[in-house]
>>> print(open('run38.txt').read())   # compact mmCIF, C-alpha atoms
# COMPACT_ATOMS: atom_id res chain seq x y z
CA MET A 30 -0.38 -0.61 17.97
CA ILE A 31 0.04 -3.91 19.72
CA ASN A 32 -0.81 -6.96 17.72
CA ILE A 33 -3.03 -8.78 20.19
CA LEU A 34 -4.65 -11.17 17.74
CA PRO A 35 -1.92 -13.22 16.08
CA GLY A 36 -2.08 -13.47 12.31
CA ILE A 37 -5.15 -11.31 11.99
CA GLU A 38 -3.63 -9.15 9.26
CA SER A 39 -3.51 -11.86 6.62
CA THR A 40 -6.89 -13.19 7.68
CA SER A 41 -8.73 -9.90 7.27
CA ALA A 42 -7.09 -9.38 3.89
CA ALA A 43 -8.24 -12.85 2.87
CA LEU A 44 -11.80 -12.15 3.98
CA GLN A 45 -11.86 -9.07 1.78
CA ALA A 46 -10.37 -10.92 -1.19
CA GLU A 47 -12.90 -13.76 -0.85
CA ARG A 48 -15.72 -11.21 -0.78
CA VAL A 49 -14.48 -9.74 -4.04
CA ARG A 50 -14.38 -13.21 -5.57
CA MET A 51 -17.90 -13.91 -4.35
CA ALA A 52 -19.09 -10.59 -5.83
CA VAL A 53 -17.51 -11.41 -9.20
CA ALA A 54 -19.04 -14.92 -9.22
CA SER A 55 -22.49 -13.51 -8.46
CA GLN A 56 -22.02 -10.91 -11.19
CA ASN A 57 -21.20 -13.69 -13.64
CA ILE A 58 -24.31 -15.63 -12.62
CA ALA A 59 -26.45 -12.51 -12.88
CA HIS A 60 -25.17 -11.90 -16.40
CA ALA A 61 -25.42 -15.50 -17.58
CA ASN A 62 -28.03 -14.48 -20.14
CA THR A 63 -26.94 -10.93 -20.98
CA THR A 64 -26.59 -10.91 -24.76
CA ARG A 65 -26.03 -7.17 -24.98
CA GLY A 66 -23.59 -5.64 -22.50
CA ILE A 67 -22.64 -1.97 -22.26
CA ASP A 68 -20.39 -2.38 -25.29
CA GLY A 69 -23.21 -3.97 -27.28
CA LYS A 70 -21.50 -7.38 -27.24
CA PRO A 71 -22.42 -10.39 -25.10
CA TYR A 72 -21.20 -10.18 -21.51
CA GLN A 73 -17.80 -11.81 -20.96
CA ARG A 74 -17.04 -13.91 -17.91
CA GLN A 75 -14.79 -12.23 -15.34
CA SER A 76 -12.39 -14.00 -13.04
CA VAL A 77 -10.43 -12.87 -10.01
CA VAL A 78 -6.67 -13.35 -9.75
CA PHE A 79 -5.21 -13.64 -6.25
CA GLU A 80 -1.64 -12.79 -5.29
CA SER A 81 0.19 -12.89 -1.98
CA VAL A 82 1.99 -9.92 -0.48
CA MET A 83 4.27 -9.82 2.53
CA ALA A 84 2.53 -8.88 5.74
CA LYS A 85 4.44 -6.52 8.00
CA THR A 86 4.61 -8.20 11.39
CA GLU A 87 7.19 -8.70 14.08
CA ALA A 88 7.69 -12.18 12.71
CA SER A 89 9.33 -10.76 9.63
CA PHE A 90 12.59 -9.84 11.35
CA ASN A 91 13.99 -13.28 10.64
CA GLY A 92 12.99 -16.08 8.36
CA VAL A 93 10.05 -15.87 5.99
CA SER A 94 7.30 -13.47 6.94
CA PRO A 95 3.59 -14.36 6.85
CA GLN A 96 1.80 -13.40 3.67
CA LYS A 97 -1.41 -11.53 3.05
CA VAL A 98 -3.56 -12.19 0.03
CA GLN A 99 -5.07 -9.59 -2.23
CA VAL A 100 -6.91 -9.38 -5.52
CA SER A 101 -4.27 -8.41 -8.06
CA ARG A 102 -6.64 -7.99 -10.98
CA ILE A 103 -10.00 -9.00 -12.40
CA GLU A 104 -9.55 -10.59 -15.79
CA LYS A 105 -11.99 -10.96 -18.65
CA ASP A 106 -12.34 -14.43 -20.04
CA THR A 107 -11.75 -13.85 -23.76
CA SER A 108 -13.02 -17.24 -24.93
CA GLY A 109 -15.70 -17.02 -27.59
CA PRO A 110 -19.42 -16.72 -26.87
CA ARG A 111 -21.71 -19.71 -26.57
CA MET A 112 -23.82 -19.86 -29.78
CA ILE A 113 -27.37 -21.10 -29.48
CA TYR A 114 -30.08 -21.33 -32.12
CA ASN A 115 -33.02 -19.05 -31.34
CA PRO A 116 -34.33 -17.17 -34.40
CA SER A 117 -36.98 -15.31 -32.41
CA HIS A 118 -34.38 -13.63 -30.16
CA PRO A 119 -33.93 -9.89 -30.92
CA ASP A 120 -30.13 -10.31 -30.99
CA ALA A 121 -30.16 -13.30 -33.36
CA ASP A 122 -28.01 -13.02 -36.50
CA ASN A 123 -29.18 -13.86 -40.04
CA ALA A 124 -28.69 -17.59 -39.46
CA GLY A 125 -30.83 -17.43 -36.29
CA MET A 126 -27.86 -17.91 -33.95
CA VAL A 127 -27.60 -15.90 -30.73
CA ALA A 128 -24.22 -15.21 -29.05
CA MET A 129 -24.69 -15.94 -25.35
CA PRO A 130 -22.11 -15.05 -22.67
CA ASN A 131 -19.30 -17.59 -22.17
CA ILE A 132 -20.57 -18.45 -18.69
CA ASN A 133 -21.04 -21.91 -17.31
CA ILE A 134 -23.43 -21.65 -14.35
CA HIS A 135 -22.16 -24.88 -12.81
CA GLN A 136 -18.61 -23.61 -12.81
CA GLU A 137 -19.70 -20.35 -11.18
CA MET A 138 -21.63 -22.20 -8.50
CA ALA A 139 -18.62 -24.40 -7.76
CA ASP A 140 -16.40 -21.32 -7.53
CA MET A 141 -18.88 -19.71 -5.17
CA ILE A 142 -18.87 -22.74 -2.87
CA VAL A 143 -15.07 -22.84 -2.81
CA SER A 144 -15.07 -19.14 -2.02
CA SER A 145 -17.52 -19.46 0.86
CA ARG A 146 -15.59 -22.42 2.30
CA ALA A 147 -12.39 -20.37 2.22
CA TYR A 148 -14.28 -17.53 3.91
CA GLU A 149 -15.45 -19.91 6.65
CA ALA A 150 -11.92 -21.19 7.19
CA ASN A 151 -10.71 -17.64 7.69
CA LEU A 152 -13.54 -16.90 10.10
CA ALA A 153 -12.45 -19.96 12.09
CA VAL A 154 -8.99 -18.39 12.30
CA VAL A 155 -10.54 -15.22 13.72
CA ARG A 156 -12.49 -17.23 16.32
CA ASN A 157 -9.42 -19.16 17.43
CA ALA A 158 -7.24 -16.04 17.49
CA ARG A 159 -9.81 -14.39 19.72
CA SER A 160 -9.98 -17.29 22.15
CA MET A 161 -6.18 -17.40 22.28
CA ALA A 162 -6.00 -13.68 23.01
CA LEU A 163 -8.59 -14.01 25.80
CA GLN A 164 -6.63 -16.87 27.35
CA THR A 165 -3.45 -14.83 27.20
CA LEU A 166 -5.17 -11.96 28.97
CA ASN A 167 -6.29 -14.38 31.68
CA ILE A 168 -2.76 -15.49 32.58
CA GLY A 169 -2.30 -15.30 36.34
CA LYS A 170 -6.01 -15.25 37.13
CA ARG A 171 -7.75 -18.19 38.65
CA MET B 14 17.78 -11.01 42.23
CA ILE B 15 14.03 -10.91 41.78
CA ASP B 16 14.59 -12.55 38.41
CA ALA B 17 15.52 -15.74 40.15
CA ILE B 18 11.96 -16.47 41.21
CA PHE B 19 10.86 -16.49 37.58
CA ASN B 20 13.61 -18.87 36.57
CA GLN B 21 11.73 -22.09 37.14
CA PRO B 22 12.04 -24.46 34.22
CA THR B 23 8.27 -24.90 33.80
CA TYR B 24 7.70 -21.17 33.56
CA GLN B 25 10.57 -20.49 31.16
CA THR B 26 9.67 -23.46 28.97
CA ALA B 27 6.02 -22.48 28.75
CA ARG B 28 7.04 -18.94 27.83
CA ALA B 29 9.34 -20.06 25.06
CA MET B 30 6.74 -22.47 23.76
CA MET B 31 4.09 -19.78 23.76
CA ASP B 32 6.22 -17.64 21.43
CA VAL B 33 6.44 -20.60 19.08
CA THR B 34 2.70 -21.25 19.31
CA ALA B 35 1.85 -17.64 18.48
CA LEU B 36 4.23 -17.69 15.53
CA ARG B 37 2.83 -20.99 14.28
CA PHE B 38 -0.64 -19.53 14.49
CA GLU B 39 0.51 -16.63 12.33
CA ALA B 40 1.89 -19.10 9.80
CA ILE B 41 -1.40 -21.03 9.78
CA SER B 42 -3.46 -17.89 9.33
CA SER B 43 -1.19 -16.91 6.44
CA ASN B 44 -1.65 -20.39 4.93
CA LEU B 45 -5.42 -20.27 5.27
CA ALA B 46 -5.54 -16.76 3.85
CA ASN B 47 -3.65 -18.02 0.79
CA VAL B 48 -5.52 -21.30 0.40
CA GLU B 49 -6.57 -20.22 -3.12
CA THR B 50 -3.47 -18.29 -4.19
CA PRO B 51 -1.63 -19.92 -7.10
CA ASN B 52 1.97 -20.97 -6.34
CA TYR B 53 1.70 -20.11 -2.65
CA LYS B 54 3.90 -22.37 -0.54
CA ARG B 55 2.86 -23.35 2.96
CA LEU B 56 4.75 -21.74 5.89
CA ASP B 57 5.60 -23.30 9.23
CA VAL B 58 7.95 -22.81 12.17
CA SER B 59 11.39 -23.88 11.00
CA PRO B 60 12.18 -27.50 11.92
CA ALA B 61 15.73 -26.45 12.89
CA PHE B 62 14.30 -24.18 15.55
CA GLU B 63 11.96 -26.89 16.79
CA SER B 64 14.80 -29.34 17.34
CA ALA B 65 16.94 -26.64 18.96
CA LEU B 66 14.06 -25.88 21.34
CA LYS B 67 13.65 -29.56 22.14
CA ASP B 68 17.37 -29.84 22.93
CA ALA B 69 17.26 -26.74 25.11
CA ILE B 70 14.23 -28.01 27.05
CA SER B 71 15.65 -31.49 27.59
CA SER B 72 18.98 -30.02 28.76
CA GLY B 73 17.17 -28.70 31.84
CA GLU B 74 18.86 -25.29 31.71
CA PRO B 75 16.15 -22.65 31.49
CA ASN B 76 18.70 -19.96 30.63
CA ARG B 77 19.29 -21.54 27.24
CA LEU B 78 15.70 -20.75 26.31
CA ILE B 79 15.95 -17.01 26.85
CA GLY B 80 17.77 -15.94 23.72
CA MET B 81 15.89 -18.22 21.35
CA ARG B 82 13.98 -16.58 18.54
CA PRO B 83 11.60 -18.73 16.50
CA SER B 84 11.41 -18.11 12.77
CA LEU B 85 9.17 -19.15 9.92
CA GLU B 86 10.20 -20.88 6.75
CA ILE B 87 8.62 -22.52 3.75
CA ASP B 88 7.53 -26.04 4.63
CA SER B 89 9.59 -28.24 2.31
CA ARG B 90 7.73 -31.41 3.33
CA ALA B 91 4.40 -30.19 1.93
CA THR B 92 3.80 -31.18 -1.67
CA ALA B 93 2.30 -28.70 -4.10
CA ASN B 94 -0.78 -29.83 -5.94
CA ALA B 95 -0.50 -30.05 -9.69
CA ARG B 96 -3.44 -27.76 -10.44
CA ASP B 97 -2.02 -24.41 -9.30
CA GLY B 98 1.22 -25.12 -7.45
CA ASN B 99 -0.30 -24.31 -4.06
CA SER B 100 0.88 -26.54 -1.20
CA VAL B 101 -1.85 -25.74 1.37
CA THR B 102 -4.40 -28.40 2.34
CA LEU B 103 -7.47 -26.87 3.93
CA GLU B 104 -8.21 -29.82 6.22
CA ASP B 105 -4.63 -30.17 7.46
CA GLU B 106 -4.43 -26.45 8.15
CA LEU B 107 -7.68 -26.46 10.15
CA MET B 108 -6.49 -29.45 12.18
CA ALA B 109 -3.17 -27.73 12.83
CA MET B 110 -4.98 -24.55 13.82
CA ASN B 111 -7.15 -26.32 16.40
CA GLN B 112 -4.12 -28.15 17.74
CA THR B 113 -2.23 -24.86 18.04
CA THR B 114 -5.13 -23.28 19.92
CA LEU B 115 -5.17 -26.17 22.38
CA GLU B 116 -1.39 -25.99 22.80
CA HIS B 117 -1.77 -22.31 23.58
CA GLN B 118 -4.39 -23.14 26.19
CA LEU B 119 -2.04 -25.67 27.77
CA GLU B 120 0.80 -23.15 27.87
CA THR B 121 -1.29 -20.36 29.42
CA GLN B 122 -2.47 -22.80 32.07
CA ALA B 123 1.09 -23.93 32.75
CA ILE B 124 2.18 -20.32 33.19
CA SER B 125 -0.83 -19.50 35.37
CA SER B 126 -0.31 -22.49 37.62
CA SER B 127 3.40 -21.81 38.04
CA LEU B 128 2.61 -18.18 38.97
CA LEU B 129 -0.05 -19.46 41.34
CA LYS B 130 2.48 -21.70 43.05
CA LEU B 131 4.80 -18.72 43.43
CA ARG B 132 2.01 -16.72 45.01
CA MET B 133 1.27 -19.60 47.35
CA ALA B 134 4.94 -19.73 48.35
CA ILE B 135 5.01 -15.97 48.98
CA THR B 136 1.77 -15.60 50.91
CA GLY B 137 1.60 -19.04 52.50
CA ARG B 138 -2.07 -19.25 51.61
CA ALA B 139 -3.55 -21.68 49.15
CA ALA B 140 -5.14 -19.64 46.36
>>> encode(input="run38.txt", output="structure tokens")
Amino acid sequence: MINILPGIESTSAALQAERVRMAVASQNIAHANTTRGIDGKPYQRQSVVFESVMAKTEASFNGVSPQKVQVSRIEKDTSGPRMIYNPSHPDADNAGMVAMPNINIHQEMADMIVSSRAYEANLAVVRNARSMALQTLNIGKR
Amino acid sequence: MIDAIFNQPTYQTARAMMDVTALRFEAISSNLANVETPNYKRLDVSPAFESALKDAISSGEPNRLIGMRPSLEIDSRATANARDGNSVTLEDELMAMNQTTLEHQLETQAISSSLLKLRMAITGRAA
């Protein structure tokens, strides 16, 4: 297949990866108050790890080739739960302390904004690649 | 023999530059894709190639441009940030991308106008 949009391979991979990150951030926010997960313990924060992989393009025949990005794994944050005092909570221990998930909403919101900005940047690449391809197709026309 | 009519310096130069522009765009899209990847190092068209292209263009011999193949390399001038070792700056990349798109526009127009002049020379009619 001809590669009519330059660099589109890494961009589409990045869009997918950013979507995964957004999904994980929204999952964390949704579970900010889940004291009893499927394993009976408080929910643990999850984070996405990105890695780059070589993209196969014509450019790779000499020099460094462009790189795609992909989600290599989704890690659990193993830091301890946030303890709050709430004796009336059904999951409170004998001292009245409840183990809440180790999630900081502000951090998740910041991550989400970074993720959506990166998504926008990649969409801008798609727009520019498209306009470049259209111009190339118009060579020789008036 | 027919090759000779496509050997004008403007046409050959614009063609060679368009290859570079397309490759630079690929580098920029790779950089923007990896804007959040730890330890990713920014790519760009190799400076050695850029200076070789400049020499070839200023020499005024279009034939020197034909065999030139641009290549990418890790941009050694970009500094990695301390947080995650990534050397991509979002703003710089977006600026470079828009500049590359405009350069591409310039090159397509240069090619179109040089083809248009050829057509004018062949048919004797303007446009």
>>> residues_near_point(input="run38.txt", point="(-12.4, -23.7, -8.1)", cutoff="12 Å", atoms="only C-alpha atoms", output="PyMOL selection string")
(chain A and resi 50-51+54+76-78+135-147) or (chain B and resi 48-51+96-97)
>>> closest_atom_pairs(input="run38.txt", of="chain B", to="chain A", cutoff="10 Å", atoms="all atoms listed in the file", output="JSON lines")
{"residue": "B:Met31", "atom": "CA", "partner": "A:Thr165", "partner_atom": "CA", "distance": 9.7}
{"residue": "B:Thr34", "atom": "CA", "partner": "A:Pro35", "partner_atom": "CA", "distance": 9.8}
{"residue": "B:Ala35", "atom": "CA", "partner": "A:Pro35", "partner_atom": "CA", "distance": 6.3}
{"residue": "B:Leu36", "atom": "CA", "partner": "A:Ala88", "partner_atom": "CA", "distance": 7.1}
{"residue": "B:Arg37", "atom": "CA", "partner": "A:Gly36", "partner_atom": "CA", "distance": 9.2}
{"residue": "B:Phe38", "atom": "CA", "partner": "A:Gly36", "partner_atom": "CA", "distance": 6.6}
{"residue": "B:Glu39", "atom": "CA", "partner": "A:Gly36", "partner_atom": "CA", "distance": 4.1}
{"residue": "B:Ala40", "atom": "CA", "partner": "A:Pro95", "partner_atom": "CA", "distance": 5.8}
{"residue": "B:Ile41", "atom": "CA", "partner": "A:Gly36", "partner_atom": "CA", "distance": 8.0}
{"residue": "B:Ser42", "atom": "CA", "partner": "A:Gly36", "partner_atom": "CA", "distance": 5.5}
{"residue": "B:Ser43", "atom": "CA", "partner": "A:Gln96", "partner_atom": "CA", "distance": 5.4}
{"residue": "B:Asn44", "atom": "CA", "partner": "A:Gln96", "partner_atom": "CA", "distance": 7.9}
{"residue": "B:Leu45", "atom": "CA", "partner": "A:Asn151", "partner_atom": "CA", "distance": 6.4}
{"residue": "B:Ala46", "atom": "CA", "partner": "A:Ala43", "partner_atom": "CA", "distance": 4.9}
{"residue": "B:Asn47", "atom": "CA", "partner": "A:Val98", "partner_atom": "CA", "distance": 5.9}
{"residue": "B:Val48", "atom": "CA", "partner": "A:Ala147", "partner_atom": "CA", "distance": 7.2}
{"residue": "B:Glu49", "atom": "CA", "partner": "A:Phe79", "partner_atom": "CA", "distance": 7.4}
{"residue": "B:Thr50", "atom": "CA", "partner": "A:Phe79", "partner_atom": "CA", "distance": 5.4}
{"residue": "B:Pro51", "atom": "CA", "partner": "A:Phe79", "partner_atom": "CA", "distance": 7.3}
{"residue": "B:Asn52", "atom": "CA", "partner": "A:Glu80", "partner_atom": "CA", "distance": 9.0}
{"residue": "B:Tyr53", "atom": "CA", "partner": "A:Ser81", "partner_atom": "CA", "distance": 7.4}
{"residue": "B:Arg55", "atom": "CA", "partner": "A:Pro95", "partner_atom": "CA", "distance": 9.8}
{"residue": "B:Leu56", "atom": "CA", "partner": "A:Pro95", "partner_atom": "CA", "distance": 7.5}
{"residue": "B:Asp57", "atom": "CA", "partner": "A:Val93", "partner_atom": "CA", "distance": 9.2}
{"residue": "B:Val58", "atom": "CA", "partner": "A:Gly92", "partner_atom": "CA", "distance": 9.2}
{"residue": "B:Ser59", "atom": "CA", "partner": "A:Gly92", "partner_atom": "CA", "distance": 8.4}
{"residue": "B:Arg82", "atom": "CA", "partner": "A:Asn91", "partner_atom": "CA", "distance": 8.6}
{"residue": "B:Pro83", "atom": "CA", "partner": "A:Asn91", "partner_atom": "CA", "distance": 8.4}
{"residue": "B:Ser84", "atom": "CA", "partner": "A:Gly92", "partner_atom": "CA", "distance": 5.1}
{"residue": "B:Leu85", "atom": "CA", "partner": "A:Gly92", "partner_atom": "CA", "distance": 5.1}
{"residue": "B:Glu86", "atom": "CA", "partner": "A:Val93", "partner_atom": "CA", "distance": 5.1}
{"residue": "B:Ile87", "atom": "CA", "partner": "A:Val93", "partner_atom": "CA", "distance": 7.2}
{"residue": "B:Leu103", "atom": "CA", "partner": "A:Ala150", "partner_atom": "CA", "distance": 7.9}
{"residue": "B:Glu104", "atom": "CA", "partner": "A:Ala150", "partner_atom": "CA", "distance": 9.4}
{"residue": "B:Glu106", "atom": "CA", "partner": "A:Ala150", "partner_atom": "CA", "distance": 9.2}
{"residue": "B:Leu107", "atom": "CA", "partner": "A:Ala150", "partner_atom": "CA", "distance": 7.4}
{"residue": "B:Met110", "atom": "CA", "partner": "A:Val154", "partner_atom": "CA", "distance": 7.5}
{"residue": "B:Asn111", "atom": "CA", "partner": "A:Asn157", "partner_atom": "CA", "distance": 7.6}
{"residue": "B:Thr113", "atom": "CA", "partner": "A:Asn157", "partner_atom": "CA", "distance": 9.2}
{"residue": "B:Thr114", "atom": "CA", "partner": "A:Met161", "partner_atom": "CA", "distance": 6.4}
{"residue": "B:Leu115", "atom": "CA", "partner": "A:Met161", "partner_atom": "CA", "distance": 8.8}
{"residue": "B:Glu116", "atom": "CA", "partner": "A:Met161", "partner_atom": "CA", "distance": 9.8}
{"residue": "B:His117", "atom": "CA", "partner": "A:Met161", "partner_atom": "CA", "distance": 6.7}
{"residue": "B:Gln118", "atom": "CA", "partner": "A:Gln164", "partner_atom": "CA", "distance": 6.8}
{"residue": "B:Leu119", "atom": "CA", "partner": "A:Gln164", "partner_atom": "CA", "distance": 9.9}
{"residue": "B:Glu120", "atom": "CA", "partner": "A:Thr165", "partner_atom": "CA", "distance": 9.4}
{"residue": "B:Thr121", "atom": "CA", "partner": "A:Ile168", "partner_atom": "CA", "distance": 6.0}
{"residue": "B:Gln122", "atom": "CA", "partner": "A:Ile168", "partner_atom": "CA", "distance": 7.3}
{"residue": "B:Ala123", "atom": "CA", "partner": "A:Ile168", "partner_atom": "CA", "distance": 9.3}
{"residue": "B:Ile124", "atom": "CA", "partner": "A:Ile168", "partner_atom": "CA", "distance": 6.9}
{"residue": "B:Ser125", "atom": "CA", "partner": "A:Gly169", "partner_atom": "CA", "distance": 4.6}
{"residue": "B:Ser126", "atom": "CA", "partner": "A:Gly169", "partner_atom": "CA", "distance": 7.6}
{"residue": "B:Ser127", "atom": "CA", "partner": "A:Gly169", "partner_atom": "CA", "distance": 8.8}
{"residue": "B:Leu128", "atom": "CA", "partner": "A:Gly169", "partner_atom": "CA", "distance": 6.3}
{"residue": "B:Leu129", "atom": "CA", "partner": "A:Gly169", "partner_atom": "CA", "distance": 6.9}
{"residue": "B:Arg132", "atom": "CA", "partner": "A:Gly169", "partner_atom": "CA", "distance": 9.8}
{"residue": "B:Ala140", "atom": "CA", "partner": "A:Arg171", "partner_atom": "CA", "distance": 8.3}
>>> write_last_selection(input="run38.txt", atoms="C-alpha atoms", output="CSV table (one decimal), keeping the file's coordinate frame")
chain,number,residue,atom,x,y,z
B,31,MET,CA,4.1,-19.8,23.8
B,34,THR,CA,2.7,-21.2,19.3
B,35,ALA,CA,1.8,-17.6,18.5
B,36,LEU,CA,4.2,-17.7,15.5
B,37,ARG,CA,2.8,-21.0,14.3
B,38,PHE,CA,-0.6,-19.5,14.5
B,39,GLU,CA,0.5,-16.6,12.3
B,40,ALA,CA,1.9,-19.1,9.8
B,41,ILE,CA,-1.4,-21.0,9.8
B,42,SER,CA,-3.5,-17.9,9.3
B,43,SER,CA,-1.2,-16.9,6.4
B,44,ASN,CA,-1.6,-20.4,4.9
B,45,LEU,CA,-5.4,-20.3,5.3
B,46,ALA,CA,-5.5,-16.8,3.8
B,47,ASN,CA,-3.6,-18.0,0.8
B,48,VAL,CA,-5.5,-21.3,0.4
B,49,GLU,CA,-6.6,-20.2,-3.1
B,50,THR,CA,-3.5,-18.3,-4.2
B,51,PRO,CA,-1.6,-19.9,-7.1
B,52,ASN,CA,2.0,-21.0,-6.3
B,53,TYR,CA,1.7,-20.1,-2.6
B,55,ARG,CA,2.9,-23.4,3.0
B,56,LEU,CA,4.8,-21.7,5.9
B,57,ASP,CA,5.6,-23.3,9.2
B,58,VAL,CA,8.0,-22.8,12.2
B,59,SER,CA,11.4,-23.9,11.0
B,82,ARG,CA,14.0,-16.6,18.5
B,83,PRO,CA,11.6,-18.7,16.5
B,84,SER,CA,11.4,-18.1,12.8
B,85,LEU,CA,9.2,-19.2,9.9
B,86,GLU,CA,10.2,-20.9,6.8
B,87,ILE,CA,8.6,-22.5,3.8
B,103,LEU,CA,-7.5,-26.9,3.9
B,104,GLU,CA,-8.2,-29.8,6.2
B,106,GLU,CA,-4.4,-26.4,8.2
B,107,LEU,CA,-7.7,-26.5,10.2
B,110,MET,CA,-5.0,-24.6,13.8
B,111,ASN,CA,-7.2,-26.3,16.4
B,113,THR,CA,-2.2,-24.9,18.0
B,114,THR,CA,-5.1,-23.3,19.9
B,115,LEU,CA,-5.2,-26.2,22.4
B,116,GLU,CA,-1.4,-26.0,22.8
B,117,HIS,CA,-1.8,-22.3,23.6
B,118,GLN,CA,-4.4,-23.1,26.2
B,119,LEU,CA,-2.0,-25.7,27.8
B,120,GLU,CA,0.8,-23.2,27.9
B,121,THR,CA,-1.3,-20.4,29.4
B,122,GLN,CA,-2.5,-22.8,32.1
B,123,ALA,CA,1.1,-23.9,32.8
B,124,ILE,CA,2.2,-20.3,33.2
B,125,SER,CA,-0.8,-19.5,35.4
B,126,SER,CA,-0.3,-22.5,37.6
B,127,SER,CA,3.4,-21.8,38.0
B,128,LEU,CA,2.6,-18.2,39.0
B,129,LEU,CA,0.0,-19.5,41.3
B,132,ARG,CA,2.0,-16.7,45.0
B,140,ALA,CA,-5.1,-19.6,46.4
>>> residues_around(input="run38.txt", residues="B:Glu74", least_positions_apart="2", cutoff="12 Å", atoms="only C-alpha atoms", output="PDB file with C-alpha atoms, keeping the file's coordinate frame")
ATOM      1  CA  ASN B  20      13.610 -18.870  36.570  1.00  0.00           C
ATOM      2  CA  GLN B  21      11.730 -22.090  37.140  1.00  0.00           C
ATOM      3  CA  PRO B  22      12.040 -24.460  34.220  1.00  0.00           C
ATOM      4  CA  THR B  23       8.270 -24.900  33.800  1.00  0.00           C
ATOM      5  CA  GLN B  25      10.570 -20.490  31.160  1.00  0.00           C
ATOM      6  CA  THR B  26       9.670 -23.460  28.970  1.00  0.00           C
ATOM      7  CA  LEU B  66      14.060 -25.880  21.340  1.00  0.00           C
ATOM      8  CA  LYS B  67      13.650 -29.560  22.140  1.00  0.00           C
ATOM      9  CA  ASP B  68      17.370 -29.840  22.930  1.00  0.00           C
ATOM     10  CA  ALA B  69      17.260 -26.740  25.110  1.00  0.00           C
ATOM     11  CA  ILE B  70      14.230 -28.010  27.050  1.00  0.00           C
ATOM     12  CA  SER B  71      15.650 -31.490  27.590  1.00  0.00           C
ATOM     13  CA  SER B  72      18.980 -30.020  28.760  1.00  0.00           C
ATOM     14  CA  ASN B  76      18.700 -19.960  30.630  1.00  0.00           C
ATOM     15  CA  ARG B  77      19.290 -21.540  27.240  1.00  0.00           C
ATOM     16  CA  LEU B  78      15.700 -20.750  26.310  1.00  0.00           C
ATOM     17  CA  ILE B  79      15.950 -17.010  26.850  1.00  0.00           C
TER      18      ILE B  79
END
>>> atom_distance(input="run38.txt", atom1="atom CA of A:Pro71", atom2="atom CA of A:Gly109")
9.8 Å
>>> atom_distance(input="run38.txt", atom1="atom CA of B:Asn94", atom2="atom CA of A:Ser101")
21.8 Å
>>> atom_distance(input="run38.txt", atom1="atom CA of A:Val127", atom2="atom CA of A:Asn115")
6.3 Å
